[in-house]
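Asker: My structure is in work.pdb, and what it holds is PDB, C-alpha atoms:
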MODEL        1
ATOM      1  CA  MET E   5      79.170  70.380  73.248
ATOM      2  CA  LEU E   6      76.272  72.200  74.903
ATOM      3  CA  TYR E   7      77.610  71.269  78.355
ATOM      4  CA  GLU E   8      81.021  72.648  77.464
ATOM      5  CA  LYS E   9      79.516  75.967  76.410
ATOM      6  CA  LEU E  10      77.431  76.141  79.582
ATOM      7  CA  PHE E  11      80.482  75.303  81.669
ATOM      8  CA  THR E  12      82.562  77.981  79.914
ATOM      9  CA  LEU E  13      79.794  80.547  80.357
ATOM     10  CA  GLU E  14      79.504  79.705  84.067
ATOM     11  CA  GLN E  15      83.286  80.016  84.502
ATOM     12  CA  GLN E  16      83.244  83.433  82.838
ATOM     13  CA  ASN E  17      80.414  84.569  85.113
ATOM     14  CA  LEU E  18      82.327  83.410  88.186
ATOM     15  CA  GLN E  19      85.485  85.191  87.025
ATOM     16  CA  GLN E  20      83.567  88.408  86.356
ATOM     17  CA  HIS E  21      81.918  88.202  89.764
ATOM     18  CA  ALA E  22      85.283  87.620  91.475
ATOM     19  CA  ALA E  23      86.868  90.503  89.554
ATOM     20  CA  SER E  24      84.052  92.877  90.475
ATOM     21  CA  LYS E  25      84.311  91.810  94.129
ATOM     22  CA  ILE E  26      88.068  92.446  94.141
ATOM     23  CA  GLN E  27      87.495  95.829  92.486
ATOM     24  CA  ALA E  28      84.932  96.728  95.169
ATOM     25  CA  ASN E  29      87.392  95.726  97.914
ATOM     26  CA  GLN E  30      90.132  97.797  96.298
ATOM     27  CA  THR E  31      87.800 100.787  96.149
ATOM     28  CA  GLN E  32      87.114 100.344  99.852
ATOM     29  CA  VAL E  33      90.864 100.410 100.509
ATOM     30  CA  PHE E  34      91.245 103.709  98.640
ATOM     31  CA  GLN E  35      88.340 105.205 100.584
ATOM     32  CA  ALA E  36      89.618 103.928 103.926
ATOM     33  CA  ILE E  37      93.084 105.393 103.344
ATOM     34  CA  GLU E  38      91.623 108.748 102.387
ATOM     35  CA  GLN E  39      89.392 108.696 105.447
ATOM     36  CA  GLU E  40      92.216 107.787 107.843
ATOM     37  CA  PHE E  41      94.619 110.325 106.328
ATOM     38  CA  GLY E  42      91.884 112.975 106.384
ATOM     39  CA  ARG E  43      92.592 114.132 102.849
ATOM     40  CA  THR E  44      92.269 113.074  99.245
ATOM     41  CA  LEU E  45      95.127 111.056  97.840
ATOM     42  CA  SER E  46      97.467 112.501  95.258
ATOM     43  CA  PRO E  47      97.813 110.855  91.829
ATOM     44  CA  ILE E  48     101.198 109.414  92.835
ATOM     45  CA  GLU E  49      99.680 107.917  95.991
ATOM     46  CA  LEU E  50      96.820 106.440  93.984
ATOM     47  CA  GLU E  51      99.343 104.892  91.610
ATOM     48  CA  THR E  52     101.349 103.468  94.512
ATOM     49  CA  ILE E  53      98.273 101.790  95.977
ATOM     50  CA  GLU E  54      97.299 100.461  92.554
ATOM     51  CA  GLN E  55     100.791  98.959  92.238
ATOM     52  CA  TRP E  56     100.310  97.155  95.549
ATOM     53  CA  PHE E  57      97.382  95.346  93.962
ATOM     54  CA  SER E  58      98.576  94.878  90.391
ATOM     55  CA  GLU E  59     102.337  94.336  90.706
ATOM     56  CA  ASP E  60     102.907  93.256  94.298
ATOM     57  CA  HIS E  61      99.664  91.249  94.428
ATOM     58  CA  TYR E  62      98.776  92.294  97.990
ATOM     59  CA  SER E  63      95.226  91.477  98.947
ATOM     60  CA  PRO E  64      92.917  94.328  99.942
ATOM     61  CA  ASN E  65      92.563  92.764 103.402
ATOM     62  CA  LEU E  66      96.323  92.782 103.895
ATOM     63  CA  VAL E  67      96.555  96.436 102.851
ATOM     64  CA  MET E  68      93.760  97.296 105.284
ATOM     65  CA  LEU E  69      95.658  95.574 108.102
ATOM     66  CA  ALA E  70      98.818  97.485 107.176
ATOM     67  CA  LEU E  71      96.777 100.700 107.232
ATOM     68  CA  ARG E  72      95.565  99.763 110.707
ATOM     69  CA  GLU E  73      99.177  99.274 111.841
ATOM     70  CA  ALA E  74     100.089 102.699 110.477
ATOM     71  CA  VAL E  75      97.145 104.400 112.170
ATOM     72  CA  LEU E  76      97.903 102.724 115.509
ATOM     73  CA  SER E  77     101.496 103.957 115.200
ATOM     74  CA  GLN E  78     100.196 107.417 114.222
ATOM     75  CA  ALA E  79     102.184 107.242 110.988
ATOM     76  CA  TYR E  80      99.870 108.612 108.320
ATOM     77  CA  SER E  81     101.970 107.942 105.237
ATOM     78  CA  LEU E  82     101.949 105.466 102.401
ATOM     79  CA  LYS E  83     105.657 104.954 102.878
ATOM     80  CA  TYR E  84     105.019 103.526 106.362
ATOM     81  CA  ILE E  85     102.272 101.249 105.029
ATOM     82  CA  ASP E  86     104.596 100.138 102.226
ATOM     83  CA  ARG E  87     107.333  99.275 104.764
ATOM     84  CA  VAL E  88     104.846  97.255 106.821
ATOM     85  CA  LEU E  89     103.777  95.350 103.709
ATOM     86  CA  LEU E  90     107.409  94.730 102.704
ATOM     87  CA  SER E  91     108.244  93.540 106.206
ATOM     88  CA  TRP E  92     105.325  91.132 106.133
ATOM     89  CA  GLU E  93     106.366  89.909 102.702
ATOM     90  CA  ARG E  94     109.888  89.158 103.985
ATOM     91  CA  GLN E  95     108.324  87.219 106.854
ATOM     92  CA  ASN E  96     106.148  85.308 104.344
ATOM     93  CA  ILE E  97     102.958  86.831 105.722
ATOM     94  CA  ARG E  98     100.381  86.853 102.958
ATOM     95  CA  THR E  99      96.944  86.648 104.597
ATOM     96  CA  ALA E 100      95.038  88.174 107.487
ATOM     97  CA  ALA E 101      95.359  84.872 109.350
ATOM     98  CA  ASP E 102      99.152  85.055 109.002
ATOM     99  CA  VAL E 103      99.089  88.567 110.475
ATOM    100  CA  GLN E 104      96.993  87.345 113.412
ATOM    101  CA  ARG E 105      99.443  84.501 114.071
ATOM    102  CA  MET E 106     102.375  86.921 113.973
ATOM    103  CA  LYS E 107     100.617  89.294 116.391
ATOM    104  CA  ALA E 108      99.845  86.413 118.750
ATOM    105  CA  LYS E 109     103.517  85.377 118.704
ATOM    106  CA  GLN E 110     104.589  88.952 119.407
ATOM    107  CA  ARG E 111     102.158  89.211 122.327
ATOM    108  CA  GLN E 112     103.321  85.862 123.704
ATOM    109  CA  PHE E 113     106.960  86.912 123.369
ATOM    110  CA  GLY E 114     106.201  90.205 125.141
ATOM    111  CA  VAL E 115     104.439  88.425 128.000
ATOM    112  CA  GLN E 116     107.301  85.946 128.371
ATOM    113  CA  LYS E 117     109.834  88.763 128.375
ATOM    114  CA  LYS E 118     107.910  90.654 131.071
ATOM    115  CA  LEU E 119     107.631  87.518 133.189
ATOM    116  CA  LYS E 120     111.342  86.842 132.789
ATOM    117  CA  ASN E 121     112.243  90.403 133.780
ATOM    118  CA  TYR E 122     109.893  90.223 136.773
ATOM    119  CA  SER E 123     111.296  86.898 137.973
ATOM    120  CA  GLN E 124     114.852  88.187 137.589
ATOM    121  CA  SER E 125     114.026  91.260 139.649
ATOM    122  CA  GLN E 126     112.564  89.043 142.371
ATOM    123  CA  ASN E 127     115.726  86.888 142.543
ATOM    124  CA  LYS E 128     118.124  89.772 143.080
ATOM    125  CA  PRO E 129     119.834  89.801 146.463
ATOM    126  CA  LYS E 130     118.600  92.427 148.855
ATOM    127  CA  ILE E 131     121.249  94.945 149.718
ATOM    128  CA  PRO E 132     120.734  96.674 153.057
ATOM    129  CA  LEU E 133     120.728 100.426 152.916
ATOM    130  CA  LYS E 134     122.844 102.160 155.471
ATOM    131  CA  LYS E 135     121.501 105.217 157.215
ATOM    132  CA  TRP E 136     124.250 107.691 156.512
ATOM    133  CA  SER E 137     122.581 110.467 158.413
ATOM    134  CA  SER E 138     122.792 108.604 161.735
ATOM    135  CA  THR E 139     126.499 107.809 161.268
ATOM    136  CA  ASP E 140     127.193 111.459 160.474
ATOM    137  CA  GLN E 141     125.664 112.421 163.814
ATOM    138  CA  ASN E 142     127.775 109.796 165.587
ATOM    139  CA  LEU E 143     130.918 111.150 163.927
ATOM    140  CA  THR E 144     130.159 114.731 164.943
ATOM    141  CA  GLN E 145     129.473 113.615 168.517
ATOM    142  CA  ARG E 146     132.801 111.773 168.684
ATOM    143  CA  LYS E 147     134.695 114.829 167.463
ATOM    144  CA  ASP E 148     133.099 116.907 170.206
ATOM    145  CA  ASP E 149     134.165 114.407 172.857
TER     146      ASP E 149
ENDMDL
END
Write the structure described by the file as structure tokens, please.

Answerer:
Amino acid sequence: MLYEKLFTLEQQNLQQHAASKIQANQTQVFQAIEQEFGRTLSPIELETIEQWFSEDHYSPNLVMLALREAVLSQAYSLKYIDRVLLSWERQNIRTAADVQRMKAKQRQFGVQKKLKNYSQSQNKPKIPLKKWSSTDQNLTQRKDD
């Protein structure tokens, strides 16, 4: 009986600690967005971000990565961040590690595409260019003759 109470108390402490840590991370997200946007957020924007955490269950790390994507694209709006998060959700990307894997695939695909385009340009047949100016001179000389 005493062990059960101690176990329950320890579980409650762990849950409270985890909740306070999540709350601190969420606060950091709000501050980071305000800092990147260079302004305070409106009440509607604050509510939108809160919905990302409470209803959509996005992690603070994932929201921070979406913010980074928006800043790199110079799109300073919550709508852009929301579209990034929705896109990742459709692709089943839920963690920072998933985002890193997706980015690595995109980079690899880009490198392969560049190599393919380069190799195709190297395999094209060389077409000789004709010097039209020299033939024009020959034609004018023949007319004079």

Asker: Kindly list the centre and edge lengths in Å, rounded to one decimal, for the axis-aligned box that covers all listed atoms of region 80-94 of chain E plus 3 Å on each of its six sides, as AutoDock Vina command-line options.

Answerer:
--center_x 104.9 --center_y 98.9 --center_z 105.3 --size_x 16.0 --size_y 25.5 --size_z 12.1

Asker: Set the distance at 12 Å and use all atoms listed in the file: which residues neighbour region 87-92 of chain E once local chain neighbours fewer than 3 positions away are removed? I'd like the list as a PyMOL selection string.

Answerer: chain E and resi 53+56-57+60-75+77+79+81-84+95-100+102-107

Asker: Please produce a file of those selected residues containing C-alpha atoms, as a compact mmCIF listing (two decimals), in the coordinates of the input.

Answerer:
# COMPACT_ATOMS: atom_id res chain seq x y z
CA ILE E 53 98.27 101.79 95.98
CA TRP E 56 100.31 97.16 95.55
CA PHE E 57 97.38 95.35 93.96
CA ASP E 60 102.91 93.26 94.30
CA HIS E 61 99.66 91.25 94.43
CA TYR E 62 98.78 92.29 97.99
CA SER E 63 95.23 91.48 98.95
CA PRO E 64 92.92 94.33 99.94
CA ASN E 65 92.56 92.76 103.40
CA LEU E 66 96.32 92.78 103.90
CA VAL E 67 96.56 96.44 102.85
CA MET E 68 93.76 97.30 105.28
CA LEU E 69 95.66 95.57 108.10
CA ALA E 70 98.82 97.48 107.18
CA LEU E 71 96.78 100.70 107.23
CA ARG E 72 95.56 99.76 110.71
CA GLU E 73 99.18 99.27 111.84
CA ALA E 74 100.09 102.70 110.48
CA VAL E 75 97.14 104.40 112.17
CA SER E 77 101.50 103.96 115.20
CA ALA E 79 102.18 107.24 110.99
CA SER E 81 101.97 107.94 105.24
CA LEU E 82 101.95 105.47 102.40
CA LYS E 83 105.66 104.95 102.88
CA TYR E 84 105.02 103.53 106.36
CA GLN E 95 108.32 87.22 106.85
CA ASN E 96 106.15 85.31 104.34
CA ILE E 97 102.96 86.83 105.72
CA ARG E 98 100.38 86.85 102.96
CA THR E 99 96.94 86.65 104.60
CA ALA E 100 95.04 88.17 107.49
CA ASP E 102 99.15 85.06 109.00
CA VAL E 103 99.09 88.57 110.48
CA GLN E 104 96.99 87.34 113.41
CA ARG E 105 99.44 84.50 114.07
CA MET E 106 102.38 86.92 113.97
CA LYS E 107 100.62 89.29 116.39

Asker: Just give me the gap between CA of Gln110 (chain E) and CA of Ile85 (chain E) in Å, one decimal is fine.

Answerer: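 Computing the Euclidean distance for CA of Gln110 (chain E) and CA of Ile85 (chain E) yields 19.1 Å.
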
Asker: Expressed in Å to a single decimal, how great is the separation between CA of Asp86 (chain E) and CA of Glu54 (chain E)?

Answerer: 12.1 Å

Asker: Tell me which of E:Phe34, E:Glu40, E:Gly114, E:Leu13 sits closest to Thr52 (chain E), counting only C-alpha atoms.

Answerer: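 Checking each of E:Phe34, E:Glu40, E:Gly114, E:Leu13 against Thr52 (chain E), counting only C-alpha atoms, the winner is E:Phe34.
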